[in-house]
file model25.pdb (PDB, C-alpha atoms)
MODEL        1
ATOM      1  CA  MET A 264     -22.286  -4.128 -69.601
ATOM      2  CA  ARG A 265     -24.404  -3.434 -72.663
ATOM      3  CA  ASN A 266     -22.853  -1.636 -75.625
ATOM      4  CA  ILE A 267     -22.282   1.975 -74.731
ATOM      5  CA  GLN A 268     -23.874   4.348 -77.194
ATOM      6  CA  ILE A 269     -21.232   6.844 -78.301
ATOM      7  CA  ARG A 270     -22.625  10.074 -79.611
ATOM      8  CA  SER A 271     -21.013  11.448 -82.734
ATOM      9  CA  ALA A 272     -17.923  13.361 -81.807
ATOM     10  CA  LYS A 273     -18.314  17.100 -81.918
ATOM     11  CA  LYS A 274     -15.595  19.657 -81.694
ATOM     12  CA  VAL A 275     -15.052  20.254 -77.991
ATOM     13  CA  ARG A 276     -12.862  22.343 -75.798
ATOM     14  CA  GLU A 277      -9.978  20.626 -74.070
ATOM     15  CA  ARG A 278     -11.095  17.221 -72.801
ATOM     16  CA  LYS A 279     -10.286  16.456 -69.221
ATOM     17  CA  THR A 280     -10.706  13.547 -66.809
ATOM     18  CA  ILE A 281     -10.910  14.025 -63.063
ATOM     19  CA  GLY A 282     -10.593  11.100 -60.693
ATOM     20  CA  PHE A 283     -11.867  10.988 -57.122
ATOM     21  CA  LEU A 284     -10.598   8.059 -55.040
ATOM     22  CA  GLY A 285     -11.537   7.586 -51.393
ATOM     23  CA  VAL A 286      -8.947   6.249 -48.988
ATOM     24  CA  GLU A 287     -11.808   4.432 -47.218
ATOM     25  CA  ALA A 288     -15.576   4.118 -47.426
ATOM     26  CA  GLY A 289     -17.799   6.906 -46.155
ATOM     27  CA  VAL A 290     -15.528   9.908 -46.759
ATOM     28  CA  GLY A 291     -17.753  11.529 -49.405
ATOM     29  CA  THR A 292     -16.115  10.458 -52.659
ATOM     30  CA  THR A 293     -19.374  10.162 -54.609
ATOM     31  CA  HIS A 294     -20.736  13.354 -53.048
ATOM     32  CA  ILE A 295     -17.783  15.476 -54.174
ATOM     33  CA  ALA A 296     -17.666  13.794 -57.616
ATOM     34  CA  ILE A 297     -21.323  14.661 -58.256
ATOM     35  CA  ALA A 298     -20.865  18.216 -56.956
ATOM     36  CA  ALA A 299     -17.828  18.784 -59.211
ATOM     37  CA  ALA A 300     -19.727  17.458 -62.239
ATOM     38  CA  ASN A 301     -22.692  19.716 -61.502
ATOM     39  CA  TYR A 302     -20.407  22.716 -61.155
ATOM     40  CA  ALA A 303     -18.768  22.024 -64.529
ATOM     41  CA  ALA A 304     -22.087  21.441 -66.298
ATOM     42  CA  ASN A 305     -24.108  24.256 -64.778
ATOM     43  CA  GLU A 306     -21.521  26.975 -64.095
ATOM     44  CA  TRP A 307     -19.144  26.410 -67.019
ATOM     45  CA  GLY A 308     -21.618  24.866 -69.470
ATOM     46  CA  MET A 309     -19.374  21.872 -70.108
ATOM     47  CA  SER A 310     -20.697  18.610 -71.487
ATOM     48  CA  THR A 311     -20.037  16.470 -68.415
ATOM     49  CA  ALA A 312     -20.299  12.796 -67.508
ATOM     50  CA  VAL A 313     -19.760  10.844 -64.297
ATOM     51  CA  ALA A 314     -18.671   7.212 -64.430
ATOM     52  CA  GLU A 315     -19.054   5.076 -61.315
ATOM     53  CA  LEU A 316     -16.284   2.503 -61.073
ATOM     54  CA  GLY A 317     -16.633   1.548 -57.433
ATOM     55  CA  ARG A 318     -18.682  -1.356 -56.149
ATOM     56  CA  HIS A 319     -20.779   0.866 -53.889
ATOM     57  CA  LEU A 320     -23.516   1.457 -56.528
ATOM     58  CA  CYS A 321     -24.505   4.884 -55.222
ATOM     59  CA  ILE A 322     -24.984   6.421 -58.654
ATOM     60  CA  SER A 323     -26.989   3.515 -59.994
ATOM     61  CA  SER A 324     -29.516   4.063 -57.195
ATOM     62  CA  MET A 325     -30.208   7.590 -58.547
ATOM     63  CA  ASP A 326     -31.631   6.303 -61.841
ATOM     64  CA  GLU A 327     -35.323   7.009 -61.404
ATOM     65  CA  ASP A 328     -36.371   5.495 -64.745
ATOM     66  CA  GLU A 329     -34.325   2.311 -64.336
ATOM     67  CA  ALA A 330     -34.504   1.961 -68.099
ATOM     68  CA  GLU A 331     -32.452  -0.576 -70.012
ATOM     69  CA  SER A 332     -29.736   1.920 -70.912
ATOM     70  CA  ASP A 333     -26.145   2.411 -69.894
ATOM     71  CA  CYS A 334     -26.582   5.991 -68.767
ATOM     72  CA  PHE A 335     -29.099   8.514 -67.527
ATOM     73  CA  VAL A 336     -29.117  12.306 -67.327
ATOM     74  CA  ARG A 337     -29.830  14.363 -64.246
ATOM     75  CA  GLU A 338     -29.326  18.130 -63.965
ATOM     76  CA  ARG A 339     -27.463  18.291 -67.324
ATOM     77  CA  VAL A 340     -24.909  15.628 -66.275
ATOM     78  CA  CYS A 341     -24.749  12.192 -67.898
ATOM     79  CA  TYR A 342     -24.234   9.358 -65.391
ATOM     80  CA  TYR A 343     -22.773   5.944 -66.229
ATOM     81  CA  PRO A 344     -23.398   3.581 -63.292
ATOM     82  CA  GLN A 345     -21.476   0.363 -62.628
ATOM     83  CA  VAL A 346     -18.774   0.861 -65.245
ATOM     84  CA  LEU A 347     -16.017  -1.720 -65.551
ATOM     85  CA  SER A 348     -12.435  -0.518 -66.058
ATOM     86  CA  MET A 349     -12.324  -2.236 -69.440
ATOM     87  CA  HIS A 350     -15.094   0.101 -70.689
ATOM     88  CA  VAL A 351     -13.425   3.368 -69.616
ATOM     89  CA  PRO A 352     -11.478   3.871 -72.903
ATOM     90  CA  GLN A 353     -14.726   3.504 -74.846
ATOM     91  CA  LEU A 354     -16.432   6.058 -72.595
ATOM     92  CA  LEU A 355     -13.598   8.512 -73.030
ATOM     93  CA  ASN A 356     -14.230   8.483 -76.779
ATOM     94  CA  ALA A 357     -17.704   9.929 -76.213
ATOM     95  CA  SER A 358     -18.310  13.595 -76.914
ATOM     96  CA  HIS A 359     -18.117  14.832 -73.323
ATOM     97  CA  GLU A 360     -15.691  17.614 -72.475
ATOM     98  CA  LEU A 361     -15.274  16.503 -68.866
ATOM     99  CA  PHE A 362     -15.280  13.011 -67.416
ATOM    100  CA  VAL A 363     -15.502  12.620 -63.664
ATOM    101  CA  LEU A 364     -14.514   9.173 -62.417
ATOM    102  CA  ASP A 365     -16.039   8.166 -59.089
ATOM    103  CA  LEU A 366     -13.569   5.448 -58.160
ATOM    104  CA  GLY A 367     -15.028   4.614 -54.754
ATOM    105  CA  CYS A 368     -12.406   3.304 -52.367
ATOM    106  CA  GLU A 369     -11.379   0.202 -54.286
ATOM    107  CA  GLN A 370      -7.647  -0.239 -54.726
ATOM    108  CA  GLU A 371      -8.199  -2.061 -58.028
ATOM    109  CA  ASN A 372      -9.157   1.339 -59.489
ATOM    110  CA  TRP A 373      -5.681   2.736 -58.786
ATOM    111  CA  GLN A 374      -4.525   2.462 -62.410
ATOM    112  CA  GLU A 375      -7.614   4.309 -63.665
ATOM    113  CA  PHE A 376      -6.935   6.972 -61.042
ATOM    114  CA  LEU A 377      -3.373   7.446 -62.309
ATOM    115  CA  ARG A 378      -4.616   7.952 -65.889
ATOM    116  CA  CYS A 379      -6.738  10.978 -64.908
ATOM    117  CA  ASP A 380      -5.622  14.521 -65.681
ATOM    118  CA  LEU A 381      -6.552  15.663 -62.170
ATOM    119  CA  LYS A 382      -6.293  13.174 -59.300
ATOM    120  CA  TYR A 383      -7.967  13.819 -55.948
ATOM    121  CA  LEU A 384      -7.802  11.574 -52.923
ATOM    122  CA  VAL A 385     -10.732  11.989 -50.545
ATOM    123  CA  ALA A 386     -10.110  11.297 -46.868
ATOM    124  CA  SER A 387     -11.114  12.143 -43.330
ATOM    125  CA  LEU A 388      -8.479  13.780 -41.165
ATOM    126  CA  SER A 389     -10.564  13.625 -37.999
ATOM    127  CA  PRO A 390      -8.559  12.250 -35.031
ATOM    128  CA  TRP A 391     -10.249   8.839 -35.118
ATOM    129  CA  ARG A 392      -9.846   8.351 -38.889
ATOM    130  CA  VAL A 393      -6.571  10.048 -39.809
ATOM    131  CA  ASN A 394      -4.763   6.713 -39.372
ATOM    132  CA  GLN A 395      -6.520   5.333 -42.474
ATOM    133  CA  ALA A 396      -5.320   8.294 -44.563
ATOM    134  CA  GLU A 397      -1.764   7.876 -43.244
ATOM    135  CA  GLN A 398      -1.849   4.136 -43.924
ATOM    136  CA  PHE A 399      -2.999   4.775 -47.498
ATOM    137  CA  MET A 400      -0.141   7.201 -48.107
ATOM    138  CA  GLU A 401       2.414   4.808 -46.612
ATOM    139  CA  ASN A 402       1.101   1.905 -48.705
ATOM    140  CA  HIS A 403       1.839   3.945 -51.843
ATOM    141  CA  GLU A 404       5.094   5.466 -50.607
ATOM    142  CA  CYS A 405       7.201   3.400 -53.003
ATOM    143  CA  GLU A 406       5.388   5.009 -55.952
ATOM    144  CA  PRO A 407       6.086   8.610 -54.799
ATOM    145  CA  ILE A 408       2.379   9.351 -54.496
ATOM    146  CA  LYS A 409       3.140  13.043 -54.083
ATOM    147  CA  ASN A 410       4.124  13.080 -57.769
ATOM    148  CA  TYR A 411       0.768  11.623 -58.801
ATOM    149  CA  ILE A 412      -2.034  13.254 -56.885
ATOM    150  CA  THR A 413      -3.300  16.780 -57.357
ATOM    151  CA  ALA A 414      -4.482  17.156 -53.758
ATOM    152  CA  LEU A 415      -6.057  15.405 -50.814
ATOM    153  CA  LEU A 416      -9.593  16.624 -50.131
ATOM    154  CA  THR A 417     -11.188  16.492 -46.707
ATOM    155  CA  VAL A 418     -14.196  17.867 -44.874
ATOM    156  CA  THR A 419     -12.855  17.059 -41.424
ATOM    157  CA  GLY A 420      -9.701  17.740 -39.460
ATOM    158  CA  ASN A 421      -8.414  20.806 -37.688
ATOM    159  CA  VAL A 422      -6.002  23.288 -39.246
ATOM    160  CA  TYR A 423      -3.014  21.853 -37.357
ATOM    161  CA  GLU A 424      -3.763  18.284 -38.519
ATOM    162  CA  LYS A 425      -4.151  19.373 -42.146
ATOM    163  CA  LYS A 426      -0.830  21.259 -42.086
ATOM    164  CA  ARG A 427       0.918  18.327 -40.386
ATOM    165  CA  PHE A 428      -0.432  15.894 -42.975
ATOM    166  CA  GLN A 429       0.581  18.178 -45.820
ATOM    167  CA  ARG A 430       4.145  18.489 -44.487
ATOM    168  CA  ALA A 431       4.483  14.778 -43.731
ATOM    169  CA  TYR A 432       3.321  13.544 -47.146
ATOM    170  CA  HIS A 433       4.175  16.524 -49.380
ATOM    171  CA  VAL A 434       0.661  16.767 -50.846
ATOM    172  CA  PRO A 435      -1.656  19.779 -50.861
ATOM    173  CA  VAL A 436      -4.611  19.394 -48.514
ATOM    174  CA  ARG A 437      -7.801  21.227 -49.472
ATOM    175  CA  THR A 438     -10.864  21.619 -47.306
ATOM    176  CA  ILE A 439     -14.167  20.707 -48.933
ATOM    177  CA  PRO A 440     -16.856  23.231 -48.015
ATOM    178  CA  PHE A 441     -20.089  22.023 -46.456
ATOM    179  CA  ILE A 442     -22.249  20.880 -49.402
ATOM    180  CA  PRO A 443     -25.682  19.671 -48.260
ATOM    181  CA  ASP A 444     -26.915  19.114 -51.833
ATOM    182  CA  PRO A 445     -24.364  18.267 -54.563
ATOM    183  CA  PHE A 446     -27.014  19.011 -57.216
ATOM    184  CA  LEU A 447     -27.650  22.535 -55.947
ATOM    185  CA  LEU A 448     -24.453  24.462 -55.312
ATOM    186  CA  VAL A 449     -24.609  27.863 -53.669
ATOM    187  CA  LYS A 450     -22.477  30.948 -54.187
ATOM    188  CA  ASP A 451     -19.990  30.439 -51.340
ATOM    189  CA  GLN A 452     -19.132  26.909 -52.611
ATOM    190  CA  LEU A 453     -18.271  28.006 -56.154
ATOM    191  CA  PRO A 454     -14.691  29.285 -55.549
ATOM    192  CA  PHE A 455     -13.702  25.838 -54.243
ATOM    193  CA  PHE A 456     -14.815  24.157 -57.481
ATOM    194  CA  GLN A 457     -13.293  26.853 -59.646
ATOM    195  CA  GLN A 458      -9.898  26.018 -58.097
ATOM    196  CA  LEU A 459     -10.592  22.270 -58.147
ATOM    197  CA  LEU A 460     -11.205  22.118 -61.895
TER
ENDMDL
END
call {"tool": "encode", "arguments": {"input": "model25.pdb", "output": "structure tokens"}}
result
Amino acid sequence: MRNIQIRSAKKVRERKTIGFLGVEAGVGTTHIAIAAANYAANEWGMSTAVAELGRHLCISSMDEDEAESDCFVRERVCYYPQVLSMHVPQLLNASHELFVLDLGCEQENWQEFLRCDLKYLVASLSPWRVNQAEQFMENHECEPIKNYITALLTVTGNVYEKKRFQRAYHVPVRTIPFIPDPFLLVKDQLPFFQQLL
């Protein structure tokens, strides 16, 4: 990774990092990370950045200019694609008020996830995928995961399944509203992000 250009530090409100970690691929981790960043930047006026730590390279594919820089801006949010864990401390010294870490579903990003102020697991609780979420929770049972994560976020799963999962693993389960465009949030989606952040 090229040297990251750190803007001169300005006096900011409370700095915060939010981590989104998927329990498996395809559950919408990048989608919800981008939506949360856009909410913070456009509704709260926060200086916001998204760092992509997963190997999925979704954010890097959004860079329309493909310039030789470490970041690009879209809709008032600064995006850092393909960031290595070793560069995260340097990024956190930049002048952003909110850092959103898109951690993909790679287990090697677990330590970065634990360093975040707010920690959200993203999973599917649909009948054919709930086993992956349960397996993830059981794999981290020795670390009392319930003491680490803020909530599990899901789009799918019926009310009964969400309550059962919440009771079984002692973690709050929140339902992500339908968000067709993470860059263009609509009024009925805003209360979800207000509670999330």
call {"tool": "resolve_selection", "arguments": {"input": "model25.pdb", "expression": "the PyMOL selection byres ((chain A and resi 287) around 12)", "output": "VMD selection string"}}
result
chain A and resid 283 to 286 288 to 292 317 319 366 to 370 384 to 388 392 to 399
call {"tool": "atom_distance", "arguments": {"input": "model25.pdb", "atom1": "atom CA of Thr419 of chain A", "atom2": "atom CA of Ser323 of chain A"}}
result
27.0 Å
call {"tool": "resolve_selection", "arguments": {"input": "model25.pdb", "expression": "the PyMOL selection byres ((chain A and resi 336-339) around 9)", "output": "list in words"}}
result
Asn301, Ala304, Asn305, Ser310, Thr311, Ala312, Met325, Asp326, Cys334, Phe335, Val340, Cys341, Tyr342 and Phe446 of chain A
call {"tool": "residues_around", "arguments": {"input": "model25.pdb", "residues": "Pro445 of chain A", "least_positions_apart": "3", "cutoff": "7 Å", "atoms": "all atoms listed in the file", "output": "list in words"}}
result
His294, Ile297, Ala298, Ile442 and Leu448 of chain A
call {"tool": "atom_distance", "arguments": {"input": "model25.pdb", "atom1": "atom CA of Ile412 of chain A", "atom2": "atom CA of Leu377 of chain A"}}
result
8.1 Å
call {"tool": "resolve_selection", "arguments": {"input": "model25.pdb", "expression": "the PyMOL selection byres ((chain A and resi 458) around 12)", "output": "ChimeraX atom specification"}}
result
/A:299,302-303,381,413-414,437-439,452-457,459-460
call {"tool": "atom_distance", "arguments": {"input": "model25.pdb", "atom1": "atom CA of Ser348 of chain A", "atom2": "atom CA of Met400 of chain A"}}
result
23.1 Å
call {"tool": "axis_aligned_box", "arguments": {"input": "model25.pdb", "around": "segment 285-296 of chain A", "padding_each_side": "3 Å", "output": "lines of an AutoDock Vina configuration file"}}
result
center_x = -14.8
center_y = 9.8
center_z = -51.9
size_x = 17.8
size_y = 17.4
size_z = 17.5
call {"tool": "residues_around", "arguments": {"input": "model25.pdb", "residues": "Val434 of chain A", "least_positions_apart": "3", "cutoff": "9 Å", "atoms": "only C-alpha atoms", "output": "mmCIF file with C-alpha atoms, keeping the file's coordinate frame"}}
result
data_model
loop_
_atom_site.group_PDB
_atom_site.id
_atom_site.type_symbol
_atom_site.label_atom_id
_atom_site.label_comp_id
_atom_site.auth_asym_id
_atom_site.auth_seq_id
_atom_site.Cartn_x
_atom_site.Cartn_y
_atom_site.Cartn_z
ATOM 1 C CA ILE A 408 2.379 9.351 -54.496
ATOM 2 C CA LYS A 409 3.140 13.043 -54.083
ATOM 3 C CA ASN A 410 4.124 13.080 -57.769
ATOM 4 C CA ILE A 412 -2.034 13.254 -56.885
ATOM 5 C CA THR A 413 -3.300 16.780 -57.357
ATOM 6 C CA ALA A 414 -4.482 17.156 -53.758
ATOM 7 C CA LEU A 415 -6.057 15.405 -50.814
ATOM 8 C CA PHE A 428 -0.432 15.894 -42.975
ATOM 9 C CA GLN A 429 0.581 18.178 -45.820
ATOM 10 C CA ARG A 430 4.145 18.489 -44.487
ATOM 11 C CA ALA A 431 4.483 14.778 -43.731
#
call {"tool": "closest_residue", "arguments": {"input": "model25.pdb", "among": "A:Asn402, A:Asn372, A:Gln353, A:Asn421", "to": "Glu315 of chain A", "atoms": "only C-alpha atoms"}}
result
A:Asn372
call {"tool": "closest_residue", "arguments": {"input": "model25.pdb", "among": "A:Met309, A:Val436, A:Leu364, A:Ile322", "to": "Tyr423 of chain A", "atoms": "all atoms listed in the file"}}
result
A:Val436
call {"tool": "closest_residue", "arguments": {"input": "model25.pdb", "among": "A:His359, A:Arg318, A:Lys279, A:Arg378", "to": "Val346 of chain A", "atoms": "all atoms listed in the file"}}
result
A:Arg318
call {"tool": "closest_residue", "arguments": {"input": "model25.pdb", "among": "A:Asp444, A:Tyr411, A:Leu416, A:Gly308", "to": "Gln374 of chain A", "atoms": "all atoms listed in the file"}}
result
A:Tyr411
call {"tool": "decode", "arguments": {"input": "model25.pdb", "residues": "segment 289-362 of chain A", "atoms": "C-alpha atoms", "output": "PDB file, in the first residue's frame"}}
result
ATOM      1  CA  GLY A 289     -23.023 -12.691   0.687  1.00  0.00           C
ATOM      2  CA  VAL A 290     -24.874 -11.463   3.785  1.00  0.00           C
ATOM      3  CA  GLY A 291     -24.595  -7.751   2.937  1.00  0.00           C
ATOM      4  CA  THR A 292     -21.646  -6.620   5.046  1.00  0.00           C
ATOM      5  CA  THR A 293     -20.359  -4.082   2.514  1.00  0.00           C
ATOM      6  CA  HIS A 294     -23.888  -2.899   1.727  1.00  0.00           C
ATOM      7  CA  ILE A 295     -24.693  -2.050   5.349  1.00  0.00           C
ATOM      8  CA  ALA A 296     -21.227  -0.527   5.943  1.00  0.00           C
ATOM      9  CA  ILE A 297     -21.683   1.863   3.008  1.00  0.00           C
ATOM     10  CA  ALA A 298     -25.243   2.725   4.066  1.00  0.00           C
ATOM     11  CA  ALA A 299     -24.128   3.494   7.643  1.00  0.00           C
ATOM     12  CA  ALA A 300     -21.297   5.707   6.370  1.00  0.00           C
ATOM     13  CA  ASN A 301     -23.662   7.599   4.078  1.00  0.00           C
ATOM     14  CA  TYR A 302     -26.105   8.127   6.924  1.00  0.00           C
ATOM     15  CA  ALA A 303     -23.378   9.556   9.174  1.00  0.00           C
ATOM     16  CA  ALA A 304     -21.981  11.825   6.456  1.00  0.00           C
ATOM     17  CA  ASN A 305     -25.224  13.087   4.968  1.00  0.00           C
ATOM     18  CA  GLU A 306     -27.643  13.094   7.918  1.00  0.00           C
ATOM     19  CA  TRP A 307     -25.259  13.976  10.758  1.00  0.00           C
ATOM     20  CA  GLY A 308     -22.647  15.872   8.734  1.00  0.00           C
ATOM     21  CA  MET A 309     -19.805  13.779  10.131  1.00  0.00           C
ATOM     22  CA  SER A 310     -16.466  13.479   8.382  1.00  0.00           C
ATOM     23  CA  THR A 311     -16.684   9.781   7.529  1.00  0.00           C
ATOM     24  CA  ALA A 312     -14.400   7.166   6.002  1.00  0.00           C
ATOM     25  CA  VAL A 313     -14.858   3.519   5.053  1.00  0.00           C
ATOM     26  CA  ALA A 314     -11.891   1.155   5.068  1.00  0.00           C
ATOM     27  CA  GLU A 315     -12.190  -2.162   3.246  1.00  0.00           C
ATOM     28  CA  LEU A 316     -10.199  -4.869   4.999  1.00  0.00           C
ATOM     29  CA  GLY A 317     -11.746  -7.921   3.395  1.00  0.00           C
ATOM     30  CA  ARG A 318     -10.385  -9.678   0.339  1.00  0.00           C
ATOM     31  CA  HIS A 319     -13.631  -9.259  -1.592  1.00  0.00           C
ATOM     32  CA  LEU A 320     -12.579  -5.927  -3.204  1.00  0.00           C
ATOM     33  CA  CYS A 321     -16.114  -4.573  -3.511  1.00  0.00           C
ATOM     34  CA  ILE A 322     -15.192  -1.021  -2.562  1.00  0.00           C
ATOM     35  CA  SER A 323     -12.189  -0.881  -4.847  1.00  0.00           C
ATOM     36  CA  SER A 324     -14.489  -1.624  -7.793  1.00  0.00           C
ATOM     37  CA  MET A 325     -16.427   1.610  -7.059  1.00  0.00           C
ATOM     38  CA  ASP A 326     -13.437   3.851  -7.810  1.00  0.00           C
ATOM     39  CA  GLU A 327     -14.441   5.379 -11.123  1.00  0.00           C
ATOM     40  CA  ASP A 328     -11.225   7.380 -11.579  1.00  0.00           C
ATOM     41  CA  GLU A 329      -8.899   4.496 -10.711  1.00  0.00           C
ATOM     42  CA  ALA A 330      -6.284   7.115  -9.924  1.00  0.00           C
ATOM     43  CA  GLU A 331      -3.011   6.284  -8.221  1.00  0.00           C
ATOM     44  CA  SER A 332      -4.261   7.270  -4.774  1.00  0.00           C
ATOM     45  CA  ASP A 333      -5.103   5.391  -1.622  1.00  0.00           C
ATOM     46  CA  CYS A 334      -8.619   6.744  -1.331  1.00  0.00           C
ATOM     47  CA  PHE A 335     -11.483   8.241  -3.277  1.00  0.00           C
ATOM     48  CA  VAL A 336     -14.565  10.225  -2.282  1.00  0.00           C
ATOM     49  CA  ARG A 337     -18.128   9.409  -3.217  1.00  0.00           C
ATOM     50  CA  GLU A 338     -21.214  11.115  -1.773  1.00  0.00           C
ATOM     51  CA  ARG A 339     -19.150  12.923   0.919  1.00  0.00           C
ATOM     52  CA  VAL A 340     -17.604   9.663   2.223  1.00  0.00           C
ATOM     53  CA  CYS A 341     -13.905   8.861   1.855  1.00  0.00           C
ATOM     54  CA  TYR A 342     -13.236   5.244   0.832  1.00  0.00           C
ATOM     55  CA  TYR A 343      -9.980   3.369   1.447  1.00  0.00           C
ATOM     56  CA  PRO A 344     -10.003   0.150  -0.611  1.00  0.00           C
ATOM     57  CA  GLN A 345      -7.816  -2.891   0.062  1.00  0.00           C
ATOM     58  CA  VAL A 346      -6.437  -1.765   3.413  1.00  0.00           C
ATOM     59  CA  LEU A 347      -4.098  -4.071   5.304  1.00  0.00           C
ATOM     60  CA  SER A 348      -4.542  -4.437   9.072  1.00  0.00           C
ATOM     61  CA  MET A 349      -1.085  -2.975   9.634  1.00  0.00           C
ATOM     62  CA  HIS A 350      -2.263   0.334   8.097  1.00  0.00           C
ATOM     63  CA  VAL A 351      -5.397   0.724  10.249  1.00  0.00           C
ATOM     64  CA  PRO A 352      -3.640   2.637  13.095  1.00  0.00           C
ATOM     65  CA  GLN A 353      -2.300   5.127  10.551  1.00  0.00           C
ATOM     66  CA  LEU A 354      -5.781   5.585   9.075  1.00  0.00           C
ATOM     67  CA  LEU A 355      -7.282   6.162  12.489  1.00  0.00           C
ATOM     68  CA  ASN A 356      -4.949   9.128  12.947  1.00  0.00           C
ATOM     69  CA  ALA A 357      -6.601  10.891  10.006  1.00  0.00           C
ATOM     70  CA  SER A 358      -9.050  13.693  10.676  1.00  0.00           C
ATOM     71  CA  HIS A 359     -12.247  11.690  10.200  1.00  0.00           C
ATOM     72  CA  GLU A 360     -14.826  11.675  12.974  1.00  0.00           C
ATOM     73  CA  LEU A 361     -16.194   8.256  12.038  1.00  0.00           C
ATOM     74  CA  PHE A 362     -14.378   5.246  10.646  1.00  0.00           C
TER      75      PHE A 362
END
